[in-house]
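Participant: Following this line is run.cif, made up of mmCIF, C-alpha atoms:
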```cif
data_model
loop_
_atom_site.label_atom_id
_atom_site.label_comp_id
_atom_site.auth_asym_id
_atom_site.auth_seq_id
_atom_site.Cartn_x
_atom_site.Cartn_y
_atom_site.Cartn_z
CA MET E 171 -155.74 71.33 211.36
CA ASN E 172 -155.13 71.27 207.67
CA LYS E 173 -156.65 74.04 205.66
CA LEU E 174 -155.20 73.58 202.24
CA GLY E 175 -158.45 74.20 200.49
CA GLY E 176 -159.65 77.09 202.58
CA ASP E 177 -162.46 77.09 205.10
CA ASN E 178 -165.29 76.53 202.71
CA MET E 179 -163.83 73.60 200.81
CA LEU E 180 -165.56 70.37 201.62
CA TRP E 181 -162.50 68.40 200.64
CA SER E 182 -158.84 68.87 200.32
CA ASP E 183 -156.07 66.42 199.77
CA LEU E 184 -153.60 66.02 202.55
CA GLU E 185 -151.05 64.63 200.20
CA LYS E 186 -150.08 67.04 197.50
CA THR E 187 -151.35 65.47 194.33
CA GLY E 188 -148.75 65.07 191.67
CA LEU E 189 -145.98 64.12 193.99
CA THR E 190 -147.29 60.70 194.83
CA LEU E 191 -149.20 60.04 191.63
CA GLU E 192 -147.58 57.97 188.96
CA PRO E 193 -146.35 60.41 186.33
CA TRP E 194 -147.83 58.43 183.45
CA LYS E 195 -151.24 58.20 185.06
CA GLU E 196 -151.07 61.87 185.85
CA PHE E 197 -150.14 62.58 182.23
CA GLU E 198 -153.04 60.50 181.01
CA ARG E 199 -155.40 62.27 183.33
CA LEU E 200 -154.23 65.67 182.15
CA SER E 201 -154.38 64.55 178.52
CA ARG E 202 -157.92 63.33 178.98
CA GLU E 203 -158.87 66.65 180.49
CA LEU E 204 -157.28 68.52 177.61
CA PHE E 205 -158.42 66.39 174.70
CA ASN E 206 -161.52 64.65 176.03
CA TRP E 207 -160.08 61.23 175.33
CA PRO E 208 -162.81 59.12 176.90
CA GLU E 209 -165.01 59.65 173.83
CA GLU E 210 -162.70 57.45 171.76
CA SER E 211 -160.56 54.41 172.26
CA VAL E 212 -157.34 55.21 173.96
CA GLU E 213 -154.60 53.29 172.20
CA GLU E 214 -152.40 51.13 174.39
CA PHE E 215 -154.52 51.39 177.48
CA PRO E 216 -154.68 49.86 180.06
CA SER E 217 -151.14 48.87 181.01
CA VAL E 218 -150.40 45.19 181.34
CA ASN E 219 -147.83 42.95 182.96
CA LEU E 220 -146.82 39.78 181.17
CA TRP E 221 -145.23 36.93 183.08
CA VAL E 222 -143.62 34.04 181.23
CA ALA E 223 -142.61 30.51 182.20
CA ASP E 224 -141.95 27.32 180.25
CA GLU E 225 -145.64 26.37 180.43
CA GLY E 226 -146.92 29.69 179.16
CA GLY E 227 -147.72 33.21 180.16
CA ILE E 228 -149.89 35.17 182.55
CA ILE E 229 -151.15 38.64 181.70
CA THR E 230 -152.57 40.90 184.36
CA THR E 231 -154.19 44.28 183.96
CA GLU E 232 -156.08 46.68 186.20
CA LEU E 233 -159.65 47.41 185.18
CA PRO E 234 -161.34 48.80 188.29
CA GLY E 235 -165.04 49.49 187.98
CA VAL E 236 -165.41 47.53 184.76
CA GLU E 237 -168.00 44.76 184.62
CA SER E 238 -166.66 41.43 183.38
CA LYS E 239 -169.40 41.34 180.72
CA ASP E 240 -167.94 44.56 179.29
CA ILE E 241 -164.52 43.02 178.71
CA ASP E 242 -163.72 41.39 175.39
CA ILE E 243 -160.60 39.29 174.91
CA SER E 244 -159.49 37.91 171.57
CA LEU E 245 -156.45 36.09 170.30
CA VAL E 246 -155.25 35.98 166.70
CA GLY E 247 -151.95 34.19 166.27
CA LYS E 248 -149.63 35.74 168.83
CA THR E 249 -151.65 38.92 169.10
CA LEU E 250 -153.86 39.28 172.14
CA THR E 251 -156.41 42.08 172.25
CA ILE E 252 -158.24 43.25 175.35
CA LYS E 253 -160.99 45.78 174.87
CA GLY E 254 -164.00 47.07 176.67
CA LEU E 255 -165.82 49.91 178.25
CA ARG E 256 -165.88 51.59 181.61
CA LYS E 257 -169.13 53.40 182.18
CA GLU E 258 -169.30 56.72 183.91
CA GLU E 259 -171.26 57.04 187.13
CA ASP E 260 -174.82 58.27 186.66
CA LEU E 261 -175.17 61.79 187.93
CA GLY E 262 -178.36 63.61 188.80
CA GLU E 263 -179.14 67.04 187.47
CA ASP E 264 -177.94 68.91 190.52
CA ASP E 265 -174.96 66.69 191.25
CA THR E 266 -171.56 68.25 190.75
CA TYR E 267 -168.05 66.89 190.57
CA LEU E 268 -165.73 68.27 193.23
CA LYS E 269 -162.95 66.09 191.86
CA LYS E 270 -162.78 63.99 188.72
CA GLU E 271 -159.62 61.95 188.32
CA ARG E 272 -160.86 58.53 187.23
CA TRP E 273 -160.91 57.46 183.60
CA TYR E 274 -164.00 56.47 181.65
CA GLY E 275 -164.83 55.24 178.20
CA ASN E 276 -163.57 52.66 175.78
CA PHE E 277 -160.25 50.98 176.15
CA LYS E 278 -158.24 48.75 173.86
CA LYS E 279 -154.93 47.05 174.37
CA THR E 280 -152.91 44.86 172.05
CA VAL E 281 -150.10 42.66 173.28
CA GLU E 282 -147.69 40.71 171.09
CA LEU E 283 -146.93 37.42 172.81
CA PRO E 284 -143.43 35.97 172.62
CA PHE E 285 -144.78 32.47 171.88
CA ASN E 286 -147.67 30.65 170.24
CA VAL E 287 -150.56 29.79 172.49
CA GLU E 288 -152.74 26.71 172.88
CA SER E 289 -155.68 28.92 171.98
CA ASP E 290 -158.50 26.65 173.17
CA LYS E 291 -156.91 26.42 176.61
CA VAL E 292 -156.70 30.17 177.29
CA SER E 293 -158.56 31.15 180.44
CA ALA E 294 -159.39 34.49 182.02
CA SER E 295 -160.61 35.56 185.43
CA PHE E 296 -161.70 38.91 186.78
CA SER E 297 -161.45 39.61 190.47
CA ASN E 298 -161.44 42.89 192.43
CA GLY E 299 -160.90 44.83 189.23
CA ILE E 300 -157.90 42.80 188.12
CA LEU E 301 -158.09 40.84 184.89
CA THR E 302 -155.84 37.78 184.75
CA ILE E 303 -155.40 35.85 181.50
CA GLU E 304 -153.59 32.53 181.45
CA LEU E 305 -152.01 31.62 178.14
CA PRO E 306 -150.63 28.08 177.90
CA ARG E 307 -147.74 27.77 175.48
CA ALA E 308 -148.38 25.69 172.37
CA GLU E 309 -147.17 22.15 172.92
CA ALA E 310 -144.72 22.31 170.00
CA GLU E 311 -143.03 25.40 171.48
CA LYS E 312 -142.52 24.15 175.01
CA PRO E 313 -138.85 23.92 175.85
CA LYS E 314 -137.78 20.29 175.88
CA LYS E 315 -135.12 18.87 178.02
CA ILE E 316 -132.73 16.72 176.03
CA GLU E 317 -131.57 13.70 177.86
CA ILE E 318 -127.94 12.81 177.46
CA LYS E 319 -127.43 9.12 177.26
CA SER E 320 -124.37 7.75 178.86
CA THR E 321 -122.60 5.08 176.96
CA MET R 164 -168.42 49.81 208.06
CA VAL R 165 -166.28 52.70 209.20
CA ASP R 166 -164.23 52.07 212.28
CA GLU R 167 -163.38 55.35 213.90
CA LYS R 168 -160.94 54.01 216.42
CA LYS R 169 -158.92 51.71 214.24
CA GLU R 170 -155.29 52.64 214.30
CA LEU R 171 -153.47 53.21 211.07
CA GLN R 172 -150.10 52.33 212.54
CA LYS R 173 -151.23 48.76 212.90
CA VAL R 174 -151.83 48.50 209.18
CA GLU R 175 -148.62 50.16 208.19
CA GLY R 176 -146.43 48.35 210.65
CA SER R 177 -147.49 44.89 209.62
CA TYR R 178 -146.72 45.25 205.97
CA ASP R 179 -143.60 44.80 203.90
CA VAL R 180 -141.92 47.84 202.45
CA LYS R 181 -143.73 48.33 199.20
CA ARG R 182 -144.76 51.13 196.92
CA ILE R 183 -147.79 53.08 197.94
CA PHE R 184 -149.95 54.64 195.28
CA THR R 185 -152.44 57.45 195.50
CA PRO R 186 -155.72 56.10 194.15
CA SER R 187 -157.58 58.20 191.58
CA VAL R 188 -160.84 59.50 192.99
CA ASP R 189 -164.05 61.09 191.86
CA ILE R 190 -165.87 63.16 194.45
CA ILE R 191 -169.43 64.10 193.69
CA GLU R 192 -171.56 66.45 195.71
CA ARG R 193 -175.22 65.66 195.80
CA LYS R 194 -178.04 67.40 197.62
CA ASP R 195 -177.95 65.29 200.74
CA ASP R 196 -174.59 63.58 200.59
CA ILE R 197 -171.15 63.43 199.08
CA LEU R 198 -170.00 60.44 197.06
CA LEU R 199 -166.42 59.33 196.78
CA TYR R 200 -165.25 56.73 194.28
CA ALA R 201 -161.68 55.49 194.52
CA ASP R 202 -159.99 53.13 192.05
CA MET R 203 -158.27 50.46 194.12
CA PRO R 204 -157.84 47.42 191.86
CA GLY R 205 -156.67 44.33 193.70
CA VAL R 206 -158.14 45.41 197.03
CA ASP R 207 -160.83 43.28 198.66
CA THR R 208 -163.00 43.94 201.71
CA GLU R 209 -160.53 42.09 203.94
CA SER R 210 -157.61 44.25 202.88
CA LEU R 211 -159.37 47.61 202.93
CA ASP R 212 -159.39 50.05 205.81
CA VAL R 213 -161.45 53.20 205.97
CA THR R 214 -160.71 55.24 209.06
CA ILE R 215 -161.73 58.59 210.43
CA GLU R 216 -159.71 60.42 212.99
CA LYS R 217 -161.02 63.80 213.95
CA ASN R 218 -161.72 65.33 210.54
CA VAL R 219 -159.29 63.22 208.54
CA LEU R 220 -160.63 60.35 206.49
CA THR R 221 -158.06 57.83 205.32
CA ILE R 222 -158.50 55.01 202.87
CA TYR R 223 -155.88 52.28 202.83
CA GLY R 224 -155.94 49.16 200.71
CA LYS R 225 -153.46 46.33 200.69
CA VAL R 226 -152.91 44.64 197.36
CA LYS R 227 -152.08 41.01 196.91
CA TYR R 228 -150.39 40.16 193.64
CA ASP R 229 -149.61 36.48 193.54
CA ILE R 230 -147.86 35.14 190.47
CA PRO R 231 -146.38 31.62 190.73
CA GLU R 232 -142.68 31.80 191.47
CA LYS R 233 -141.46 30.13 188.28
CA TYR R 234 -142.89 32.95 186.16
CA LYS R 235 -140.55 35.74 185.14
CA LEU R 236 -141.69 39.26 184.37
CA TYR R 237 -141.40 39.64 180.60
CA LEU R 238 -143.28 42.89 180.06
CA ASN R 239 -143.70 45.34 182.92
CA GLU R 240 -145.96 48.26 182.14
CA TYR R 241 -147.33 48.91 185.59
CA ASP R 242 -146.20 48.49 189.14
CA VAL R 243 -148.18 47.07 191.99
CA GLY R 244 -148.44 48.54 195.44
CA ASP R 245 -150.87 49.45 198.16
CA TYR R 246 -153.22 52.39 198.01
CA LYS R 247 -153.43 55.19 200.50
CA ARG R 248 -155.02 58.60 200.47
CA SER R 249 -156.27 61.00 203.12
CA PHE R 250 -158.82 63.74 202.97
CA THR R 251 -160.01 66.37 205.36
CA ILE R 252 -163.73 66.29 205.65
CA SER R 253 -165.83 69.23 206.62
CA GLU R 254 -168.07 69.53 209.66
CA GLU R 255 -170.93 69.24 207.22
CA ILE R 256 -170.44 65.47 206.97
CA ASP R 257 -172.20 63.15 209.39
CA LYS R 258 -169.25 60.93 210.29
CA ASP R 259 -171.39 58.31 212.01
CA ARG R 260 -173.43 57.57 208.94
CA ILE R 261 -170.72 57.08 206.33
CA GLN R 262 -171.20 53.93 204.27
CA ALA R 263 -168.57 52.07 202.30
CA VAL R 264 -169.07 49.60 199.46
CA LEU R 265 -166.33 47.86 197.48
CA LYS R 266 -167.07 46.47 194.04
CA ASN R 267 -164.75 45.39 191.22
CA GLY R 268 -161.85 47.20 192.82
CA VAL R 269 -163.70 50.48 193.28
CA LEU R 270 -164.46 51.86 196.72
CA LYS R 271 -167.64 53.88 197.00
CA LEU R 272 -168.20 56.02 200.07
CA VAL R 273 -171.55 57.62 200.73
CA MET R 274 -171.15 60.47 203.17
CA PRO R 275 -174.41 62.01 204.28
CA LYS R 276 -174.52 65.66 205.16
CA ILE R 277 -175.72 66.59 208.59
CA ASP R 278 -179.36 67.58 208.43
CA VAL R 279 -179.62 71.29 208.80
CA VAL R 280 -182.69 73.39 208.80
CA LYS R 281 -182.17 75.27 205.62
CA THR R 282 -184.22 78.34 206.30
CA ARG R 283 -185.62 79.17 209.63
CA LYS R 284 -188.63 81.33 209.63
CA ILE R 285 -188.80 83.78 212.48
CA GLU R 286 -192.19 84.69 213.64
CA VAL R 287 -192.68 88.39 214.01
CA LYS R 288 -195.07 89.30 216.68
CA GLU R 289 -196.95 92.48 216.67
CA GLY R 290 -195.80 94.75 219.47
CA ASN R 291 -198.23 96.12 221.91
#
```
Go ahead and express the file in the form of structure tokens.
Facilitator:
Amino acid sequence: MNKLGGDNMLWSDLEKTGLTLEPWKEFERLSRELFNWPEESVEEFPSVNLWVADEGGIITTELPGVESKDIDISLVGKTLTIKGLRKEEDLGEDDTYLKKERWYGNFKKTVELPFNVESDKVSASFSNGILTIELPRAEAEKPKKIEIKST
Amino acid sequence: MVDEKKELQKVEGSYDVKRIFTPSVDIIERKDDILLYADMPGVDTESLDVTIEKNVLTIYGKVKYDIPEKYKLYLNEYDVGDYKRSFTISEEIDKDRIQAVLKNGVLKLVMPKIDVVKTRKIEVKEGN
């Protein structure tokens, strides 16, 4: 039997936290605890992945617990901005946190795209806390294959 | 919702070698229950397992991340993997009544405390 937290603890982690956590997330968590970041926008958060092909790009980002109506996406030129809010759980007067690791508050992320986008064809979907934005490349910037004529 | 007998090995054995992340959690104690919220973006009800073995509660979520093959990763700020975390739960929790809900990539567990008579009044009889 594991008794990391002592007999009276209701909970204790079996895995030693810190070892398996991503260092950056752990840093952010500690920073938030130290500076109370959730009150303001955290610059460059959340992290994104950008995938690129000839047709365009796909951006994915993790926004667990955020409602799709609370996500705002805008595109100006090659600059894509994702912002929104993650609300904190409502707690009753006598409720107490035994552990508080999740982030709350406003978020804002700006991504510079490597190509111009067909802005009226941008689409976004939100599923299981993952935001996916599809960004079709502007027609004029699509790579063109040059045919070589044989004579 | 919670399957006590489900074997974890089955889940682990059937999956490709992939990174496993520890999901961030909030644990809130309320008067009659304990709430656990775990951030598991990309996990759906099909790919989530919540198991209890003796006094160990384990949450395990498989993540699907499908990007069409022709796309190349241009900017990589986060990595994708499955989620796994285990907790020991006290005898105070009624294991048979745990409820699990998954919404927008957040798992919520409601774990009721076993009803206990808080104060028992002992009648004192007058001796003869």
Participant: Starting from chain R, keep only residues with some atom at most 6 Å from an atom of chain E, counting all atoms listed in the file, and report them as a count of residues only.
Facilitator: 27
Participant: Would you work out the distance separating atom CA of R:Glu216 from atom CA of R:Val243, expressed in Å to one decimal?
Facilitator: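 Atom CA of R:Val243 lies 27.4 Å from atom CA of R:Glu216.
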Participant: Distance atom CA of E:Leu255-atom CA of E:Asn276, one decimal place?
Facilitator: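 Value for the atom CA of E:Leu255-atom CA of E:Asn276 distance: 4.3 Å.
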Participant: Do you have the atom CA of R:Val226-atom CA of E:Thr280 distance handy?
Facilitator: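 Going from atom CA of R:Val226 over to atom CA of E:Thr280, I get 25.3 Å.
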Participant: Padding of 3 Å on every side, edges along x, y and z, all listed atoms of stretch 227-231 of chain R included: what centre and edge lengths in Å, to one decimal, does that box have, as AutoDock Vina command-line options?
Facilitator:
```
--center_x -149.2 --center_y 36.3 --center_z 193.7 --size_x 11.7 --size_y 15.4 --size_z 12.4
```
Participant: Can you list what the PyMOL selection byres ((chain R and resi 256) around 6) grabs from this structure, as a list in words?
Facilitator: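 Going through the file, the PyMOL selection byres ((chain R and resi 256) around 6) ends up selecting Ser253, Glu254, Glu255, Asp257, Lys258, Pro275, Lys276 and Ile277 of chain R.
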